[in-house]
Amino acid sequence: MRLEHREKVMDFIKKLFKKKEPDTSKPGLTEKERATLKKEPWVGVLNTHVNKENVRNGFFELDWNEHFIVQLKEQGYGVEGDKDEEVVDRWFRELCANVVVDGDYGGPLTTGSLNVEKVKKDNE
C-alpha cells in the first residue's frame with residue numbers, strides 16, 4: 001500500500017514538472033506559427049514575381065522562422081552576426097544551382113543548354 005502511494009506521488013510530481021507541449025491545434029494558426037511553437041525549422045514561398053518584359057528574370061519572396069536560420073547556420077550557410085536575409089540567400093542560391101545541375105533545365109526548346117555566362121551578363 002505504501003509503495004502504491006509513493007508511485008502515485010511520483011507520477012503527480014512528474015506530471016507537474018513535465019515540459020508542456022505547445023498547443024498547435026488552435027484554429028487560425030499559420031504553418032509558420034505552428035512550426036515556431038514546436039521549435040521546428042520552417043520556410044515558405046510567399047510570392048513569385050516574374051518580370052513581364054523578360055520572363056527569365058524574377059524572384060521569390062520567402063518567409064522563415066528563427067529555427068530555420070539556426071538550422072542553416074548549423075549547416076554552414078552563415079555565422080553569428082550575419083543578417084538572416086544573407087543566410088537564406090546563400091542557401092537559396094545553392095538550392096537553385098542544384099536544381100539546374102541535378103535536374104532537367106528545361107527552358108525553351110531552341111535554347112539547347114543553359115549558358116551560365118550569358119545569364120550572368122543578362123542579369124547585370
# chains A, B, ... in the order shown; residues from 1 in each chain; ligands from 1

call {"tool": "closest_atom_pairs", "arguments": {"of": "stretch 81-107 of chain A", "to": "stretch 49-68 of chain A", "cutoff": "10 Å", "atoms": "only C-alpha atoms", "output": "Markdown table"}}
result
| residue | atom | partner | partner_atom | distance |
| --- | --- | --- | --- | --- |
| A:Asp84 | CA | A:Glu66 | CA | 8.5 |
| A:Glu85 | CA | A:Leu62 | CA | 9.6 |
| A:Val87 | CA | A:Phe68 | CA | 10.0 |
| A:Val88 | CA | A:Trp64 | CA | 8.7 |
| A:Asp89 | CA | A:Leu62 | CA | 9.7 |
| A:Phe92 | CA | A:Leu62 | CA | 9.6 |
| A:Gly107 | CA | A:Arg56 | CA | 9.5 |

call {"tool": "closest_residue", "arguments": {"among": "A:Lys8, A:Val45, A:Pro27, A:Lys83", "to": "A:Val70", "atoms": "only C-alpha atoms"}}
result
A:Lys83

call {"tool": "atom_distance", "arguments": {"atom1": "atom CA of A:Gly81", "atom2": "atom CA of A:Thr30"}}
result
28.3 Å
